[in-house]
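Participant: Quick one, start_10.cif (mmCIF, C-alpha atoms and all ligand atoms):
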```
data_upload
#
loop_
_atom_site.label_atom_id
_atom_site.label_comp_id
_atom_site.auth_asym_id
_atom_site.auth_seq_id
_atom_site.Cartn_x
_atom_site.Cartn_y
_atom_site.Cartn_z
CA MET X 1 14.46 23.16 -77.50
CA LYS X 2 11.44 22.21 -79.60
CA ILE X 3 8.65 24.68 -80.28
CA PRO X 4 5.78 23.35 -82.41
CA PHE X 5 3.83 25.64 -84.69
CA ASN X 6 0.52 24.80 -83.03
CA LYS X 7 -0.54 22.92 -79.93
CA PRO X 8 -4.29 22.25 -79.79
CA TYR X 9 -5.76 23.69 -76.62
CA VAL X 10 -8.05 21.66 -74.37
CA THR X 11 -10.00 23.25 -71.56
CA GLY X 12 -10.22 20.08 -69.43
CA ARG X 13 -14.02 19.69 -69.64
CA GLU X 14 -14.15 17.99 -73.03
CA MET X 15 -14.11 14.45 -71.61
CA GLU X 16 -16.86 15.21 -69.10
CA TYR X 17 -19.19 16.37 -71.88
CA ILE X 18 -18.25 13.50 -74.18
CA ARG X 19 -19.02 11.10 -71.31
CA THR X 20 -22.46 12.68 -71.01
CA VAL X 21 -23.12 11.90 -74.68
CA VAL X 22 -22.01 8.30 -74.21
CA GLU X 23 -24.15 7.88 -71.08
CA TYR X 24 -27.29 9.29 -72.72
CA GLY X 25 -26.64 7.37 -75.94
CA ARG X 26 -27.64 10.16 -78.32
CA PHE X 27 -24.78 10.34 -80.80
CA ALA X 28 -26.30 11.65 -84.05
CA GLY X 29 -26.39 15.26 -85.18
CA ASN X 30 -28.65 18.06 -83.94
CA GLY X 31 -28.66 16.79 -80.35
CA ASP X 32 -28.43 18.82 -77.15
CA PHE X 33 -24.76 19.79 -77.50
CA SER X 34 -25.17 20.78 -81.17
CA GLN X 35 -28.12 22.96 -80.19
CA LYS X 36 -26.25 24.52 -77.28
CA CYS X 37 -23.26 25.29 -79.50
CA ALA X 38 -25.50 26.81 -82.18
CA ARG X 39 -27.30 29.07 -79.67
CA ARG X 40 -23.96 30.14 -78.15
CA LEU X 41 -22.63 30.95 -81.62
CA GLU X 42 -25.71 33.06 -82.34
CA GLU X 43 -25.07 34.90 -79.06
CA ILE X 44 -21.38 35.46 -79.82
CA THR X 45 -21.78 36.47 -83.46
CA GLY X 46 -25.14 38.21 -83.45
CA SER X 47 -26.05 36.04 -86.44
CA ARG X 48 -29.75 35.16 -86.79
CA LYS X 49 -29.08 31.44 -87.22
CA ALA X 50 -26.02 29.25 -86.69
CA ILE X 51 -25.85 25.65 -87.90
CA LEU X 52 -23.08 23.36 -86.72
CA VAL X 53 -21.48 21.58 -89.69
CA PRO X 54 -18.59 19.11 -90.08
CA SER X 55 -16.00 21.71 -91.23
CA GLY X 56 -15.44 25.22 -92.49
CA THR X 57 -15.26 23.62 -95.92
CA ALA X 58 -18.74 22.11 -95.46
CA ALA X 59 -20.05 25.52 -94.34
CA LEU X 60 -18.73 27.11 -97.55
CA GLU X 61 -20.20 24.32 -99.68
CA MET X 62 -23.61 24.48 -98.00
CA MET X 63 -23.54 28.26 -98.38
CA MET X 64 -23.04 27.96 -102.15
CA VAL X 65 -25.94 25.48 -102.44
CA LEU X 66 -28.23 27.85 -100.51
CA ALA X 67 -27.05 30.86 -102.53
CA GLY X 68 -28.04 28.97 -105.69
CA ILE X 69 -24.60 29.34 -107.24
CA GLY X 70 -24.51 27.24 -110.42
CA PRO X 71 -22.93 26.65 -113.82
CA GLY X 72 -21.97 29.86 -115.61
CA ASP X 73 -21.95 31.93 -112.42
CA GLU X 74 -18.90 33.86 -111.23
CA VAL X 75 -17.87 34.53 -107.65
CA ILE X 76 -15.26 37.18 -106.85
CA MET X 77 -12.67 36.18 -104.22
CA PRO X 78 -8.99 36.65 -103.33
CA SER X 79 -6.53 33.99 -104.49
CA PHE X 80 -4.63 34.40 -101.22
CA THR X 81 -6.78 31.85 -99.37
CA PHE X 82 -7.30 28.17 -98.66
CA SER X 83 -8.42 25.85 -101.46
CA SER X 84 -11.84 25.34 -99.80
CA THR X 85 -12.90 28.92 -100.62
CA ALA X 86 -12.58 28.24 -104.35
CA ASN X 87 -13.59 24.55 -104.24
CA ALA X 88 -17.01 25.45 -102.83
CA VAL X 89 -17.65 27.55 -105.96
CA VAL X 90 -16.09 25.08 -108.41
CA LEU X 91 -18.15 22.19 -106.98
CA ARG X 92 -21.31 24.07 -108.04
CA GLY X 93 -19.98 24.32 -111.61
CA ALA X 94 -19.26 28.04 -111.18
CA THR X 95 -16.05 30.02 -111.70
CA PRO X 96 -13.91 31.70 -109.04
CA VAL X 97 -12.73 35.11 -110.23
CA PHE X 98 -9.55 35.95 -108.36
CA ILE X 99 -8.64 39.53 -107.46
CA ASP X 100 -5.58 40.95 -105.74
CA ILE X 101 -5.16 41.76 -102.04
CA ARG X 102 -4.38 44.90 -100.08
CA PRO X 103 -0.73 45.28 -99.05
CA ASP X 104 -1.69 46.23 -95.45
CA THR X 105 -4.17 43.54 -94.32
CA LEU X 106 -3.60 40.96 -97.08
CA ASN X 107 -7.37 40.95 -97.53
CA MET X 108 -9.32 41.27 -100.79
CA ASP X 109 -8.62 44.73 -102.26
CA GLU X 110 -12.10 46.24 -102.26
CA THR X 111 -11.08 48.88 -104.82
CA LEU X 112 -10.66 46.08 -107.39
CA VAL X 113 -14.06 44.43 -106.89
CA GLU X 114 -16.14 46.59 -109.23
CA ALA X 115 -13.81 46.09 -112.19
CA ALA X 116 -14.16 42.30 -111.76
CA ILE X 117 -17.97 42.35 -111.96
CA THR X 118 -19.49 40.93 -115.17
CA PRO X 119 -23.09 40.03 -116.10
CA ARG X 120 -22.32 36.54 -114.71
CA THR X 121 -21.20 37.67 -111.25
CA ARG X 122 -23.48 36.38 -108.51
CA ALA X 123 -21.53 36.92 -105.30
CA ILE X 124 -18.53 38.49 -103.60
CA LEU X 125 -16.63 36.15 -101.27
CA PRO X 126 -14.40 38.14 -98.89
CA VAL X 127 -11.92 36.11 -96.81
CA HIS X 128 -11.00 37.78 -93.52
CA TYR X 129 -7.35 36.79 -93.34
CA ALA X 130 -5.91 36.15 -89.87
CA GLY X 131 -9.21 37.17 -88.29
CA VAL X 132 -8.79 40.76 -89.47
CA GLY X 133 -11.82 42.09 -91.30
CA CYS X 134 -12.04 43.08 -94.97
CA GLU X 135 -13.29 46.60 -95.78
CA MET X 136 -16.89 45.42 -95.39
CA ASP X 137 -18.73 48.75 -95.68
CA THR X 138 -17.33 49.21 -99.19
CA ILE X 139 -17.88 45.57 -100.16
CA MET X 140 -21.49 45.60 -98.91
CA SER X 141 -22.33 48.80 -100.77
CA ILE X 142 -20.80 47.51 -104.04
CA ALA X 143 -22.85 44.31 -103.61
CA GLU X 144 -26.02 46.27 -103.00
CA LYS X 145 -25.43 48.51 -106.01
CA HIS X 146 -24.95 45.50 -108.32
CA GLY X 147 -27.49 43.14 -106.72
CA LEU X 148 -24.84 40.62 -105.55
CA LEU X 149 -24.69 38.38 -102.51
CA VAL X 150 -21.90 38.76 -99.95
CA LEU X 151 -20.80 35.37 -98.65
CA GLU X 152 -18.06 35.64 -96.02
CA ASP X 153 -15.25 33.17 -95.53
CA SER X 154 -14.89 33.86 -91.82
CA ALA X 155 -13.19 30.52 -91.17
CA GLN X 156 -10.52 32.21 -89.01
CA CYS X 157 -12.79 34.72 -87.31
CA ILE X 158 -14.37 33.52 -84.08
CA LEU X 159 -14.51 36.61 -81.80
CA SER X 160 -13.16 39.00 -84.44
CA TYR X 161 -15.00 42.18 -85.33
CA TYR X 162 -15.43 44.86 -87.97
CA LYS X 163 -16.88 48.10 -86.58
CA ASN X 164 -18.06 46.11 -83.55
CA ARG X 165 -19.95 43.58 -85.67
CA HIS X 166 -18.77 39.98 -85.60
CA LEU X 167 -17.18 38.84 -88.85
CA GLY X 168 -19.39 36.37 -90.69
CA SER X 169 -22.51 38.24 -89.56
CA LEU X 170 -22.34 41.07 -92.12
CA GLY X 171 -23.05 39.38 -95.45
CA GLN X 172 -26.04 37.12 -96.20
CA MET X 173 -24.06 34.13 -94.85
CA GLY X 174 -20.72 33.40 -93.19
CA ALA X 175 -18.61 30.25 -92.78
CA VAL X 176 -16.65 29.51 -89.57
CA SER X 177 -14.06 26.76 -89.00
CA PHE X 178 -13.40 24.79 -85.83
CA HIS X 179 -10.51 22.85 -87.35
CA VAL X 180 -7.77 21.88 -84.89
CA THR X 181 -5.61 24.76 -86.22
CA LYS X 182 -8.23 27.36 -85.27
CA ASN X 183 -8.50 29.29 -81.98
CA ILE X 184 -11.58 27.30 -80.89
CA HIS X 185 -11.72 23.76 -82.20
CA CYS X 186 -13.20 20.28 -82.09
CA GLY X 187 -10.65 18.55 -84.33
CA GLU X 188 -12.76 18.98 -87.45
CA GLY X 189 -15.83 21.20 -87.33
CA GLY X 190 -17.45 24.38 -88.51
CA ALA X 191 -20.56 26.52 -88.52
CA LEU X 192 -22.70 28.19 -91.13
CA LEU X 193 -23.97 31.60 -90.05
CA ILE X 194 -27.18 32.64 -91.78
CA ASN X 195 -27.90 36.34 -91.51
CA ASP X 196 -30.72 36.58 -94.06
CA PRO X 197 -33.73 34.58 -92.80
CA ALA X 198 -34.79 33.97 -96.42
CA PHE X 199 -32.29 31.07 -96.41
CA ASN X 200 -33.43 29.49 -93.11
CA GLU X 201 -36.11 27.10 -94.28
CA ARG X 202 -34.06 25.66 -97.13
CA ALA X 203 -31.02 25.34 -94.86
CA GLU X 204 -32.97 22.89 -92.67
CA ILE X 205 -33.56 20.75 -95.78
CA VAL X 206 -30.10 21.01 -97.35
CA MET X 207 -28.38 20.03 -94.09
CA GLU X 208 -30.61 16.93 -93.79
CA LYS X 209 -29.55 15.34 -97.11
CA GLY X 210 -32.25 17.22 -98.99
CA THR X 211 -35.09 15.82 -96.90
CA ASP X 212 -37.76 17.55 -94.79
CA ARG X 213 -36.68 15.54 -91.75
CA SER X 214 -36.43 18.66 -89.57
CA LYS X 215 -40.14 19.35 -90.09
CA PHE X 216 -40.83 15.72 -89.15
CA PHE X 217 -38.84 16.14 -85.92
CA HIS X 218 -40.73 19.34 -85.12
CA GLY X 219 -44.00 17.39 -85.54
CA GLU X 220 -45.08 19.45 -88.57
CA ILE X 221 -45.42 16.43 -90.93
CA ASP X 222 -46.01 12.70 -90.31
CA LYS X 223 -43.29 11.34 -92.64
CA TYR X 224 -40.25 12.83 -94.30
CA THR X 225 -38.98 12.48 -97.86
CA TRP X 226 -36.45 13.78 -100.40
CA VAL X 227 -37.53 17.28 -101.43
CA ASP X 228 -34.39 19.14 -102.62
CA VAL X 229 -30.65 18.77 -103.16
CA GLY X 230 -28.68 18.39 -99.96
CA SER X 231 -25.91 16.54 -98.21
CA SER X 232 -24.78 15.27 -94.84
CA TYR X 233 -24.04 18.52 -93.03
CA LEU X 234 -24.75 17.56 -89.41
CA VAL X 235 -22.07 17.12 -86.76
CA ASN X 236 -21.99 14.09 -84.47
CA GLU X 237 -22.67 14.85 -80.82
CA ILE X 238 -19.22 13.77 -79.64
CA SER X 239 -17.63 16.58 -81.64
CA ALA X 240 -20.34 18.99 -80.50
CA ALA X 241 -19.71 18.05 -76.85
CA PHE X 242 -15.98 18.74 -77.32
CA LEU X 243 -16.77 22.05 -79.00
CA TRP X 244 -19.14 23.06 -76.19
CA ALA X 245 -16.27 22.81 -73.69
CA GLN X 246 -14.26 25.15 -75.90
CA LEU X 247 -17.10 27.60 -76.54
CA GLU X 248 -17.72 27.91 -72.80
CA GLU X 249 -14.21 29.37 -72.51
CA ALA X 250 -14.04 31.12 -75.86
CA GLU X 251 -13.41 34.62 -74.52
CA ILE X 252 -10.67 33.40 -72.14
CA ILE X 253 -8.90 31.44 -74.89
CA ILE X 254 -8.95 34.42 -77.26
CA GLU X 255 -7.76 36.81 -74.55
CA ARG X 256 -4.76 34.58 -73.87
CA ARG X 257 -3.95 34.50 -77.57
CA ARG X 258 -4.22 38.29 -77.75
CA GLU X 259 -1.63 38.57 -74.97
CA LEU X 260 0.80 36.42 -76.98
CA TRP X 261 0.07 38.33 -80.19
CA ASN X 262 0.72 41.64 -78.40
CA ARG X 263 3.96 40.31 -76.91
CA TYR X 264 5.22 39.39 -80.39
CA HIS X 265 4.11 42.76 -81.72
CA GLU X 266 5.81 44.84 -79.03
CA ALA X 267 9.06 42.91 -79.49
CA LEU X 268 9.02 42.97 -83.30
CA VAL X 269 8.02 46.56 -84.04
CA PRO X 270 11.64 47.72 -83.37
CA LEU X 271 12.81 45.21 -86.01
CA GLU X 272 10.27 46.70 -88.38
CA THR X 273 11.56 50.20 -87.60
CA ALA X 274 15.08 48.92 -88.37
CA GLY X 275 13.80 47.84 -91.81
CA LEU X 276 14.31 44.11 -91.22
CA LEU X 277 10.71 42.94 -91.54
CA ARG X 278 7.11 44.09 -91.61
CA CYS X 279 4.59 43.33 -88.84
CA PRO X 280 0.84 42.76 -89.32
CA ILE X 281 -1.30 45.88 -89.79
CA VAL X 282 -4.73 45.94 -88.12
CA PRO X 283 -6.97 48.87 -89.13
CA ASP X 284 -8.74 50.58 -86.19
CA GLU X 285 -12.17 49.37 -87.34
CA CYS X 286 -10.96 45.75 -87.16
CA ALA X 287 -10.31 45.75 -83.43
CA PRO X 288 -10.72 43.70 -81.41
CA HIS X 289 -9.41 40.83 -83.53
CA ASN X 290 -8.93 37.27 -82.35
CA ALA X 291 -5.13 36.93 -82.67
CA HIS X 292 -5.49 33.90 -84.92
CA ILE X 293 -2.20 34.40 -86.76
CA TYR X 294 0.99 36.33 -86.11
CA TYR X 295 2.84 36.66 -89.40
CA ILE X 296 5.85 38.64 -90.48
CA LEU X 297 6.81 39.78 -93.97
CA LEU X 298 10.52 39.49 -94.74
CA ASN X 299 12.20 41.77 -97.26
CA THR X 300 12.75 39.04 -99.88
CA PRO X 301 11.50 35.50 -100.56
CA GLN X 302 15.10 34.31 -100.04
CA SER X 303 15.28 35.81 -96.53
CA ARG X 304 11.90 34.20 -95.70
CA ASP X 305 13.18 30.78 -96.77
CA GLU X 306 16.51 31.27 -94.96
CA LEU X 307 14.78 32.33 -91.75
CA MET X 308 12.39 29.39 -91.89
CA ALA X 309 15.33 26.98 -92.34
CA ASP X 310 17.28 28.65 -89.54
CA PHE X 311 14.28 28.38 -87.20
CA LYS X 312 14.13 24.67 -88.00
CA THR X 313 17.75 24.16 -86.93
CA ARG X 314 16.85 25.89 -83.64
CA GLY X 315 13.87 23.54 -83.14
CA ILE X 316 11.21 26.15 -83.95
CA LEU X 317 8.54 25.37 -86.49
CA ALA X 318 7.40 28.41 -88.47
CA VAL X 319 5.32 27.95 -91.62
CA PHE X 320 4.05 29.89 -94.60
CA HIS X 321 0.88 29.91 -96.69
CA TYR X 322 -0.84 30.22 -99.13
CA ILE X 323 0.46 29.25 -102.54
CA PRO X 324 -1.85 31.68 -104.41
CA LEU X 325 -4.78 29.74 -105.84
CA ASP X 326 -4.58 31.47 -109.24
CA THR X 327 -1.10 29.98 -109.73
CA ALA X 328 -1.97 26.49 -108.41
CA LEU X 329 -2.65 23.61 -110.78
CA ALA X 330 -6.40 23.48 -110.05
CA GLY X 331 -6.68 27.28 -109.96
CA ARG X 332 -5.26 27.59 -113.46
CA ALA X 333 -7.70 24.94 -114.68
CA CYS X 334 -10.77 26.40 -112.94
CA SER X 335 -10.10 30.06 -113.62
CA PRO X 336 -8.06 30.04 -116.85
CA THR X 337 -8.52 33.72 -117.70
CA SER X 338 -7.15 34.94 -114.34
CA SER X 339 -4.76 37.89 -114.74
CA PRO X 340 -1.54 38.16 -112.70
CA LEU X 341 -1.98 39.34 -109.11
CA PRO X 342 1.25 41.17 -108.25
CA VAL X 343 0.56 42.02 -104.59
CA THR X 344 -0.56 38.45 -103.82
CA ALA X 345 2.48 36.96 -105.58
CA ASP X 346 4.86 39.31 -103.78
CA LEU X 347 3.49 39.06 -100.23
CA SER X 348 2.77 35.33 -100.19
CA ALA X 349 6.41 34.67 -101.10
CA ARG X 350 7.69 36.78 -98.18
CA LEU X 351 5.29 35.71 -95.44
CA LEU X 352 6.18 33.62 -92.42
CA ARG X 353 3.80 32.61 -89.61
CA LEU X 354 5.24 32.38 -86.11
CA PRO X 355 4.12 29.72 -83.61
CA LEU X 356 1.02 30.85 -81.72
CA PHE X 357 -0.92 28.75 -79.22
CA VAL X 358 -2.11 29.06 -75.64
CA GLY X 359 0.80 28.08 -73.40
CA LEU X 360 3.50 29.24 -75.85
CA GLU X 361 6.59 31.00 -74.50
CA THR X 362 7.16 33.76 -77.03
CA GLU X 363 10.59 34.81 -75.70
CA PRO X 364 12.64 31.95 -77.24
CA VAL X 365 10.97 32.59 -80.64
CA ILE X 366 11.66 36.33 -80.42
CA GLU X 367 15.30 35.72 -79.40
CA ALA X 368 15.79 33.23 -82.23
CA LEU X 369 14.29 35.69 -84.69
CA GLN X 370 16.58 38.50 -83.52
CA LEU X 371 19.65 36.25 -83.72
CA SER X 372 18.76 34.87 -87.16
CA LEU X 373 18.11 38.32 -88.60
CA GLU X 374 21.38 39.62 -87.17
CA GLN X 375 23.27 36.74 -88.81
CA MET X 376 21.43 37.10 -92.12
CA ASN X 377 22.02 40.83 -92.28
CA GLY X 378 25.70 40.54 -91.31
C1 LIG V 401 -9.67 30.90 -95.05
C2 LIG V 401 -10.13 29.49 -94.82
N1 LIG V 401 -11.19 29.03 -95.50
C3 LIG V 401 -11.64 27.78 -95.32
C4 LIG V 401 -11.03 26.91 -94.43
C5 LIG V 401 -11.55 25.52 -94.30
O1 LIG V 401 -11.94 25.18 -93.00
P1 LIG V 401 -11.89 23.64 -92.53
O2 LIG V 401 -10.46 23.24 -92.41
O3 LIG V 401 -12.61 23.65 -91.21
O4 LIG V 401 -12.61 22.84 -93.55
C6 LIG V 401 -9.93 27.37 -93.68
C7 LIG V 401 -9.26 26.54 -92.67
O5 LIG V 401 -8.58 25.61 -92.81
C8 LIG V 401 -9.45 28.67 -93.90
O6 LIG V 401 -8.41 29.15 -93.21
#
```
Please render this file's structure as structure tokens.

Facilitator:
Amino acid sequence: MKIPFNKPYVTGREMEYIRTVVEYGRFAGNGDFSQKCARRLEEITGSRKAILVPSGTAALEMMMVLAGIGPGDEVIMPSFTFSSTANAVVLRGATPVFIDIRPDTLNMDETLVEAAITPRTRAILPVHYAGVGCEMDTIMSIAEKHGLLVLEDSAQCILSYYKNRHLGSLGQMGAVSFHVTKNIHCGEGGALLINDPAFNERAEIVMEKGTDRSKFFHGEIDKYTWVDVGSSYLVNEISAAFLWAQLEEAEIIIERRRELWNRYHEALVPLETAGLLRCPIVPDECAPHNAHIYYILLNTPQSRDELMADFKTRGILAVFHYIPLDTALAGRACSPTSSPLPVTADLSARLLRLPLFVGLETEPVIEALQLSLEQMNG
């Protein structure tokens, strides 16, 4: 038996749409498929403006350019996240200020945000781990009180909600990922969600390498030129065509993942009751969520490592993440005054992600988990 950790889903229409691109010969960014994807994302998320970008990482980087984050600025974020969250800030010459996470959702602990604010703080960067929302009402009101931006890392959040609002649509901007590991994907891809129209006009320039080319295309000017900083943030149409096939079926894909997530949950809650592990906790206001990750927390780091090794011998690939950024080589260099984050250190060392993809048979994984835990606990 071999069970991979992830198996990228294809709907079956990807090739048809890619063929359309090849037949029409329009390959560059901002073509018909990019536009269709962007409009669909606006519909799904309720965001005022969606821009298709090459990755979730690119969305975070473009967001920081638009937010005007620069040298000397500080941005508050969890350290339990992917390197891209912090890199986007560091690339602007600013400093990530890491705070601890909540033991229930593993999201930024909103009760620690205010104490981390200094005169240099410009933004709060909540990361919605596993597609489960941070405590956004509290975060938004702290930001308002202190005049800070809220920039959401909603990389894992397509079709996930907080109080019925799509994640990534609550702060001034949100970043989404369509990396192959995400629920909806195009290999490498992402979207920037802009919720405050004040950023719209500059976004059109920043995404076009700092030129006013968009205005030229809309017939507003007769030549375009370099007017601001920017980079290459457009997605080629082949990727957009692939993504369109996925977005057409987004709700179906997520529903099928939710079924798998629920199957794991129903089977594993008795193990939690027996004190052998802890299951994910989803606060009521964070439903529905998109079932991006099913993780378990073992009682000790040793039992996590043993279980992972045992799974491997049974042909099941289960993985962990993240090595907390504050303890990583680059994290220590970029945020040298970071204080210890005990909840992050504890939970990240005990976390294991179970395989989760459309088409997965959960039963063999559940059986293997039950057997392994029995053996480990004598
Ligand atoms: C929390 C988080 N932020 C940022 C990213 C970066 O997204 P991408 O891989 O599309 O660049 C990811 C995904 O890998 C992520 O999970």

Participant: Please measure the separation of CA of Gly359 in chain X and CA of Arg19 in chain X, giving the value in Å to one decimal.

Facilitator: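 Distance reported for this atom pair: 26.2 Å.
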
Participant: Could you tell me which of X:Thr300, X:Met140, X:Ala59, X:Val90 comes closest to Gly72 in chain X if we count all atoms listed in the file?

Facilitator: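 Smallest distance to Gly72 in chain X is found for X:Val90.
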
Participant: Return as a list of chain:residue names the residues of protein, DNA or RNA that approach ligand LIG 401 (chain V) to within 7 Å, with only C-alpha atoms and all ligand atoms taken into account.

Facilitator: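 Sorted by chain and then by number, the residues are X:Ser55, X:Gly56, X:Thr57, X:Ala58, X:Thr81, X:Phe82, X:Ser84, X:Thr85, X:Val127, X:Tyr129, X:Asp153, X:Ser154, X:Ala155, X:Gln156, X:Ser177, X:Phe178, X:His179, X:Glu188, X:Gly189, X:Gly190.
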
Participant: For the point (-2.8, 31.6, -107.6) in the file's frame, write as a ChimeraX atom specification all residues with an atom no more than 12 Å away, counting all atoms listed in the file.

Facilitator: /X:77-83,86,96-101,321-346,348-349

Participant: Using all atoms listed in the file, can you tell me which of X:Lys312, X:Arg202, X:Lys182, X:Arg26 comes closest to Ile254 in chain X?

Facilitator: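 Looking only at the distances to Ile254 in chain X, the closest residue turns out to be X:Lys182.
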
Participant: When you look at Glu110 in chain X with a cut-off of 9 Å (counting all atoms listed in the file), what residues show up, excluding the ones that are within fewer than 5 positions of it in the same chain? I need them as a PDB file with C-alpha atoms, in the frame of the given file.

Facilitator:
```
ATOM      1  CA  ILE X 101      -5.160  41.760-102.040  1.00  0.00           C
ATOM      2  CA  ARG X 102      -4.380  44.900-100.080  1.00  0.00           C
ATOM      3  CA  CYS X 134     -12.040  43.080 -94.970  1.00  0.00           C
ATOM      4  CA  GLU X 135     -13.290  46.600 -95.780  1.00  0.00           C
ATOM      5  CA  MET X 136     -16.890  45.420 -95.390  1.00  0.00           C
ATOM      6  CA  THR X 138     -17.330  49.210 -99.190  1.00  0.00           C
ATOM      7  CA  ILE X 139     -17.880  45.570-100.160  1.00  0.00           C
ATOM      8  CA  ILE X 142     -20.800  47.510-104.040  1.00  0.00           C
TER       9      ILE X 142
END
```

Participant: Report, in Å with one decimal, the straight-line distance from CA of Ser231 in chain X to CA of Ala94 in chain X.

Facilitator: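 Computed distance, CA of Ser231 in chain X to CA of Ala94 in chain X, equals 18.6 Å.
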
Participant: Nearest to Ile296 in chain X among X:Leu66, X:Leu271, X:Leu192, X:Val10, with distances taken over only C-alpha atoms: which residue is it?

Facilitator: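 The shortest atom-to-atom distance to Ile296 in chain X comes from X:Leu271.
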
Participant: What does the distance between CA of Pro103 in chain X and CA of Ala368 in chain X come to in Å, to one decimal place?

Facilitator: 26.5 Å

Participant: So, with only C-alpha atoms as the atoms that count, which of X:Val229, X:Leu243, X:Cys157, X:Ile18 lies closest to Val65 in chain X?

Facilitator: X:Val229

Participant: Which residues, written as a list of chain:residue names, have at least one atom at most 10 Å from Ile253 in chain X, with all atoms listed in the file counted and residues fewer than 5 positions away on the same chain left out?

Facilitator: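 Using all atoms listed in the file, the neighbours found are X:Tyr9, X:Val10, X:Thr11, X:Asn183, X:Ile184, X:Gln246, X:Leu247, X:Glu248, X:Arg258, X:Asn290, X:Phe357, X:Val358.
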
Participant: With a distance cut-off of 10 Å and all atoms listed in the file, select the neighbouring residues of Asn6 in chain X, excluding the residue or stretch itself and same-chain residues fewer than 6 positions from it, and output the selection as a list in words.

Facilitator: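 The residues that qualify are Val180, Thr181, Lys182, Leu317, Ala318, Leu354, Pro355, Leu356, Phe357, Val358 and Leu360 of chain X.
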
Participant: Please list as an mmCIF file with C-alpha atoms, in the coordinates of the input every residue within 10 Å of Lys209 in chain X, counting all atoms listed in the file and excluding residues in the same chain fewer than 3 positions away.

Facilitator:
```cif
data_model
loop_
_atom_site.group_PDB
_atom_site.id
_atom_site.type_symbol
_atom_site.label_atom_id
_atom_site.label_comp_id
_atom_site.auth_asym_id
_atom_site.auth_seq_id
_atom_site.Cartn_x
_atom_site.Cartn_y
_atom_site.Cartn_z
ATOM 1 C CA GLU X 204 -32.970 22.890 -92.670
ATOM 2 C CA ILE X 205 -33.560 20.750 -95.780
ATOM 3 C CA VAL X 206 -30.100 21.010 -97.350
ATOM 4 C CA ASP X 212 -37.760 17.550 -94.790
ATOM 5 C CA ARG X 213 -36.680 15.540 -91.750
ATOM 6 C CA THR X 225 -38.980 12.480 -97.860
ATOM 7 C CA TRP X 226 -36.450 13.780 -100.400
ATOM 8 C CA VAL X 227 -37.530 17.280 -101.430
ATOM 9 C CA ASP X 228 -34.390 19.140 -102.620
ATOM 10 C CA VAL X 229 -30.650 18.770 -103.160
ATOM 11 C CA GLY X 230 -28.680 18.390 -99.960
ATOM 12 C CA SER X 231 -25.910 16.540 -98.210
ATOM 13 C CA SER X 232 -24.780 15.270 -94.840
ATOM 14 C CA TYR X 233 -24.040 18.520 -93.030
ATOM 15 C CA LEU X 234 -24.750 17.560 -89.410
#
```

Participant: Using all atoms listed in the file, find the one residue out of X:Pro288, X:Gly133, X:Pro283, X:Gly275 that sits nearest to Leu373 in chain X.

Facilitator: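 Counting all atoms listed in the file, the residue closest to Leu373 in chain X is X:Gly275.
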
Participant: Pick the closest to Glu255 in chain X from X:Thr362, X:Asn107, X:Asn87, X:Ser160: which is it, counting all atoms listed in the file?

Facilitator: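 Counting all atoms listed in the file, the residue closest to Glu255 in chain X is X:Ser160.
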
Participant: Report the centre and edge lengths, in Å to one decimal, of an axis-aligned box enclosing every atom of range 59-74 of chain X listed in the file, padded by 3 Å on each side, as lines of an AutoDock Vina configuration file.

Facilitator:
```
center_x = -23.5
center_y = 29.1
center_z = -105.0
size_x = 15.5
size_y = 15.5
size_z = 27.3
```
